[in-house]
Amino acid sequence: MLLVSWSAPWAEALEVLECVWGGVGGQRPQGWEDCVGWARRQWETLYNNDIAQLLHCFPSDQLTSSGLPFWSGAKRCPHPLTFDPSNTTHMDYVVAAANLYGQIYGIVGTRDSSAIRSILETVHIPAFTPKSTVKIHLTDKEMEEERESGHLDTGRLDELQKKLSSPPVNSAALQMHPIDFEKVIRAQRHARHISTGNTA
């Protein structure tokens, strides 16, 4: 039986279970192609969807309550990117992310860009539609207050607990391998993943 500590805020506990289920069941890759697909969708989420959602909540011409431009000073207005397999930075991100993701699950990858491009042609990227119900917190205080006052989705929580409490058909299939961050070893993909993520 899976035990969850309810000392943490309800929303945080649910986030933890969602993350655990994604790692051991819901999003667990079955092969190298799945790792590439995961990396490509991560790129789309981080550099297109999340930015499009942000601009939906705070358009480029948004004004503050005092009538000043919202996007000014340190707040620079972002722009969604479109994935381009011929863009070296875009591909470097996918290659590094896919290999790291595969390493966690013991899946052997490759740095062959041509082979990865072939896989990318088969990856389905769902169309993104901004959500009007999403609330983006401007400060850490707002986020914490929302966490504390948020309502618990008991249905989803029960569903996740049942899934995670059920014994796996093959326990060996649930093995995961933590990766220690290495920035000084050139063969490691960690620093490359971070650097390409910052410049994509």
# chains A, B, ... in the order shown; residues from 1 in each chain; ligands from 1

call {"tool": "residues_around", "arguments": {"residues": "A:Ser60", "least_positions_apart": "4", "cutoff": "12 Å", "atoms": "only C-alpha atoms", "output": "list in words"}}
result
Ile51, Ala52, Leu54, Leu55, His56, Thr64, Pro69, Phe70, Trp71, Ser72, Lys75, Arg76, Cys77, Pro78 and His79 of chain A

call {"tool": "closest_atom_pairs", "arguments": {"of": "stretch 56-100 of chain A", "to": "stretch 117-138 of chain A", "cutoff": "9 Å", "atoms": "only C-alpha atoms", "output": "CSV"}}
result
residue,atom,partner,partner_atom,distance
A:His56,CA,A:Pro130,CA,6.5
A:Cys57,CA,A:Ile136,CA,7.5
A:Pro85,CA,A:Arg117,CA,6.9
A:Met91,CA,A:Arg117,CA,8.5

call {"tool": "residues_around", "arguments": {"residues": "A:Gln42", "least_positions_apart": "4", "cutoff": "12 Å", "atoms": "only C-alpha atoms", "output": "MDAnalysis selection string"}}
result
chainID A and resid 35:38 46:50 83 90 93:98 101 125:126 197

call {"tool": "residues_around", "arguments": {"residues": "stretch 19-29 of chain A", "least_positions_apart": "2", "cutoff": "8 Å", "atoms": "only C-alpha atoms", "output": "NGL selection string"}}
result
:A and (15-17 or 31-32 or 34-35 or 102 or 105 or 160 or 163-164 or 174)

call {"tool": "residues_around", "arguments": {"residues": "A:Gln103", "least_positions_apart": "5", "cutoff": "8 Å", "atoms": "only C-alpha atoms", "output": "number ranges by chain"}}
result
A: 108-109, 177, 179

call {"tool": "decode", "arguments": {"residues": "stretch 93-127 of chain A", "atoms": "N, CA and C atoms", "output": "PDB file, in the first residue's frame"}}
result
ATOM      1  N   TYR A  93      19.333  20.035 -28.166  1.00  0.00           N
ATOM      2  CA  TYR A  93      18.472  19.856 -26.996  1.00  0.00           C
ATOM      3  C   TYR A  93      17.813  18.479 -27.036  1.00  0.00           C
ATOM      4  N   VAL A  94      17.220  18.131 -28.163  1.00  0.00           N
ATOM      5  CA  VAL A  94      16.516  16.853 -28.285  1.00  0.00           C
ATOM      6  C   VAL A  94      17.481  15.685 -28.100  1.00  0.00           C
ATOM      7  N   VAL A  95      18.654  15.776 -28.717  1.00  0.00           N
ATOM      8  CA  VAL A  95      19.642  14.697 -28.605  1.00  0.00           C
ATOM      9  C   VAL A  95      20.068  14.503 -27.151  1.00  0.00           C
ATOM     10  N   ALA A  96      20.398  15.610 -26.473  1.00  0.00           N
ATOM     11  CA  ALA A  96      20.852  15.516 -25.082  1.00  0.00           C
ATOM     12  C   ALA A  96      19.734  15.028 -24.167  1.00  0.00           C
ATOM     13  N   ALA A  97      18.534  15.600 -24.318  1.00  0.00           N
ATOM     14  CA  ALA A  97      17.409  15.229 -23.455  1.00  0.00           C
ATOM     15  C   ALA A  97      17.011  13.773 -23.655  1.00  0.00           C
ATOM     16  N   ALA A  98      16.960  13.323 -24.901  1.00  0.00           N
ATOM     17  CA  ALA A  98      16.563  11.942 -25.186  1.00  0.00           C
ATOM     18  C   ALA A  98      17.565  10.951 -24.604  1.00  0.00           C
ATOM     19  N   ASN A  99      18.852  11.261 -24.727  1.00  0.00           N
ATOM     20  CA  ASN A  99      19.875  10.362 -24.197  1.00  0.00           C
ATOM     21  C   ASN A  99      19.847  10.308 -22.671  1.00  0.00           C
ATOM     22  N   LEU A 100      19.655  11.446 -22.029  1.00  0.00           N
ATOM     23  CA  LEU A 100      19.573  11.465 -20.567  1.00  0.00           C
ATOM     24  C   LEU A 100      18.334  10.716 -20.084  1.00  0.00           C
ATOM     25  N   TYR A 101      17.225  10.926 -20.767  1.00  0.00           N
ATOM     26  CA  TYR A 101      15.978  10.249 -20.404  1.00  0.00           C
ATOM     27  C   TYR A 101      16.128   8.737 -20.565  1.00  0.00           C
ATOM     28  N   GLY A 102      16.749   8.327 -21.661  1.00  0.00           N
ATOM     29  CA  GLY A 102      16.974   6.907 -21.882  1.00  0.00           C
ATOM     30  C   GLY A 102      17.903   6.311 -20.843  1.00  0.00           C
ATOM     31  N   GLN A 103      18.918   7.070 -20.452  1.00  0.00           N
ATOM     32  CA  GLN A 103      19.875   6.585 -19.458  1.00  0.00           C
ATOM     33  C   GLN A 103      19.190   6.280 -18.131  1.00  0.00           C
ATOM     34  N   ILE A 104      18.202   7.079 -17.770  1.00  0.00           N
ATOM     35  CA  ILE A 104      17.461   6.850 -16.526  1.00  0.00           C
ATOM     36  C   ILE A 104      16.795   5.478 -16.539  1.00  0.00           C
ATOM     37  N   TYR A 105      16.312   5.069 -17.708  1.00  0.00           N
ATOM     38  CA  TYR A 105      15.566   3.816 -17.818  1.00  0.00           C
ATOM     39  C   TYR A 105      16.393   2.677 -18.407  1.00  0.00           C
ATOM     40  N   GLY A 106      17.694   2.884 -18.538  1.00  0.00           N
ATOM     41  CA  GLY A 106      18.549   1.828 -19.054  1.00  0.00           C
ATOM     42  C   GLY A 106      18.373   1.571 -20.538  1.00  0.00           C
ATOM     43  N   ILE A 107      17.959   2.588 -21.277  1.00  0.00           N
ATOM     44  CA  ILE A 107      17.754   2.460 -22.721  1.00  0.00           C
ATOM     45  C   ILE A 107      18.937   3.088 -23.450  1.00  0.00           C
ATOM     46  N   VAL A 108      19.561   2.330 -24.309  1.00  0.00           N
ATOM     47  CA  VAL A 108      20.725   2.817 -25.050  1.00  0.00           C
ATOM     48  C   VAL A 108      20.276   3.748 -26.170  1.00  0.00           C
ATOM     49  N   GLY A 109      20.870   4.928 -26.223  1.00  0.00           N
ATOM     50  CA  GLY A 109      20.507   5.907 -27.240  1.00  0.00           C
ATOM     51  C   GLY A 109      21.591   6.077 -28.280  1.00  0.00           C
ATOM     52  N   THR A 110      21.544   7.188 -28.971  1.00  0.00           N
ATOM     53  CA  THR A 110      22.529   7.498 -29.995  1.00  0.00           C
ATOM     54  C   THR A 110      22.612   9.006 -30.156  1.00  0.00           C
ATOM     55  N   ARG A 111      23.731   9.481 -30.680  1.00  0.00           N
ATOM     56  CA  ARG A 111      23.879  10.904 -30.980  1.00  0.00           C
ATOM     57  C   ARG A 111      23.851  11.130 -32.493  1.00  0.00           C
ATOM     58  N   ASP A 112      23.407  10.118 -33.220  1.00  0.00           N
ATOM     59  CA  ASP A 112      23.307  10.212 -34.674  1.00  0.00           C
ATOM     60  C   ASP A 112      22.119  11.104 -35.033  1.00  0.00           C
ATOM     61  N   SER A 113      22.403  12.342 -35.433  1.00  0.00           N
ATOM     62  CA  SER A 113      21.338  13.308 -35.719  1.00  0.00           C
ATOM     63  C   SER A 113      20.433  12.855 -36.858  1.00  0.00           C
ATOM     64  N   SER A 114      21.005  12.210 -37.858  1.00  0.00           N
ATOM     65  CA  SER A 114      20.199  11.757 -38.993  1.00  0.00           C
ATOM     66  C   SER A 114      19.176  10.721 -38.552  1.00  0.00           C
ATOM     67  N   ALA A 115      19.615   9.781 -37.708  1.00  0.00           N
ATOM     68  CA  ALA A 115      18.706   8.747 -37.215  1.00  0.00           C
ATOM     69  C   ALA A 115      17.618   9.367 -36.344  1.00  0.00           C
ATOM     70  N   ILE A 116      17.994  10.348 -35.542  1.00  0.00           N
ATOM     71  CA  ILE A 116      17.022  10.993 -34.661  1.00  0.00           C
ATOM     72  C   ILE A 116      16.028  11.815 -35.473  1.00  0.00           C
ATOM     73  N   ARG A 117      16.490  12.468 -36.531  1.00  0.00           N
ATOM     74  CA  ARG A 117      15.569  13.227 -37.394  1.00  0.00           C
ATOM     75  C   ARG A 117      14.525  12.303 -38.009  1.00  0.00           C
ATOM     76  N   SER A 118      14.941  11.100 -38.368  1.00  0.00           N
ATOM     77  CA  SER A 118      13.995  10.138 -38.945  1.00  0.00           C
ATOM     78  C   SER A 118      12.910   9.774 -37.934  1.00  0.00           C
ATOM     79  N   ILE A 119      13.304   9.615 -36.677  1.00  0.00           N
ATOM     80  CA  ILE A 119      12.326   9.303 -35.633  1.00  0.00           C
ATOM     81  C   ILE A 119      11.399  10.493 -35.409  1.00  0.00           C
ATOM     82  N   LEU A 120      11.964  11.699 -35.441  1.00  0.00           N
ATOM     83  CA  LEU A 120      11.166  12.902 -35.203  1.00  0.00           C
ATOM     84  C   LEU A 120      10.046  13.060 -36.222  1.00  0.00           C
ATOM     85  N   GLU A 121      10.255  12.543 -37.419  1.00  0.00           N
ATOM     86  CA  GLU A 121       9.222  12.644 -38.448  1.00  0.00           C
ATOM     87  C   GLU A 121       7.965  11.868 -38.070  1.00  0.00           C
ATOM     88  N   THR A 122       8.107  10.907 -37.159  1.00  0.00           N
ATOM     89  CA  THR A 122       6.961  10.083 -36.757  1.00  0.00           C
ATOM     90  C   THR A 122       6.347  10.539 -35.433  1.00  0.00           C
ATOM     91  N   VAL A 123       6.962  11.522 -34.789  1.00  0.00           N
ATOM     92  CA  VAL A 123       6.477  11.984 -33.483  1.00  0.00           C
ATOM     93  C   VAL A 123       5.280  12.915 -33.661  1.00  0.00           C
ATOM     94  N   HIS A 124       4.207  12.597 -32.964  1.00  0.00           N
ATOM     95  CA  HIS A 124       3.004  13.433 -33.036  1.00  0.00           C
ATOM     96  C   HIS A 124       3.073  14.527 -31.975  1.00  0.00           C
ATOM     97  N   ILE A 125       2.916  15.762 -32.411  1.00  0.00           N
ATOM     98  CA  ILE A 125       2.898  16.905 -31.494  1.00  0.00           C
ATOM     99  C   ILE A 125       1.478  17.461 -31.468  1.00  0.00           C
ATOM    100  N   PRO A 126       0.770  17.290 -30.363  1.00  0.00           N
ATOM    101  CA  PRO A 126      -0.618  17.777 -30.284  1.00  0.00           C
ATOM    102  C   PRO A 126      -0.692  19.291 -30.460  1.00  0.00           C
ATOM    103  N   ALA A 127      -1.738  19.736 -31.119  1.00  0.00           N
ATOM    104  CA  ALA A 127      -1.947  21.176 -31.281  1.00  0.00           C
ATOM    105  C   ALA A 127      -2.224  21.788 -29.913  1.00  0.00           C
TER     106      ALA A 127
END
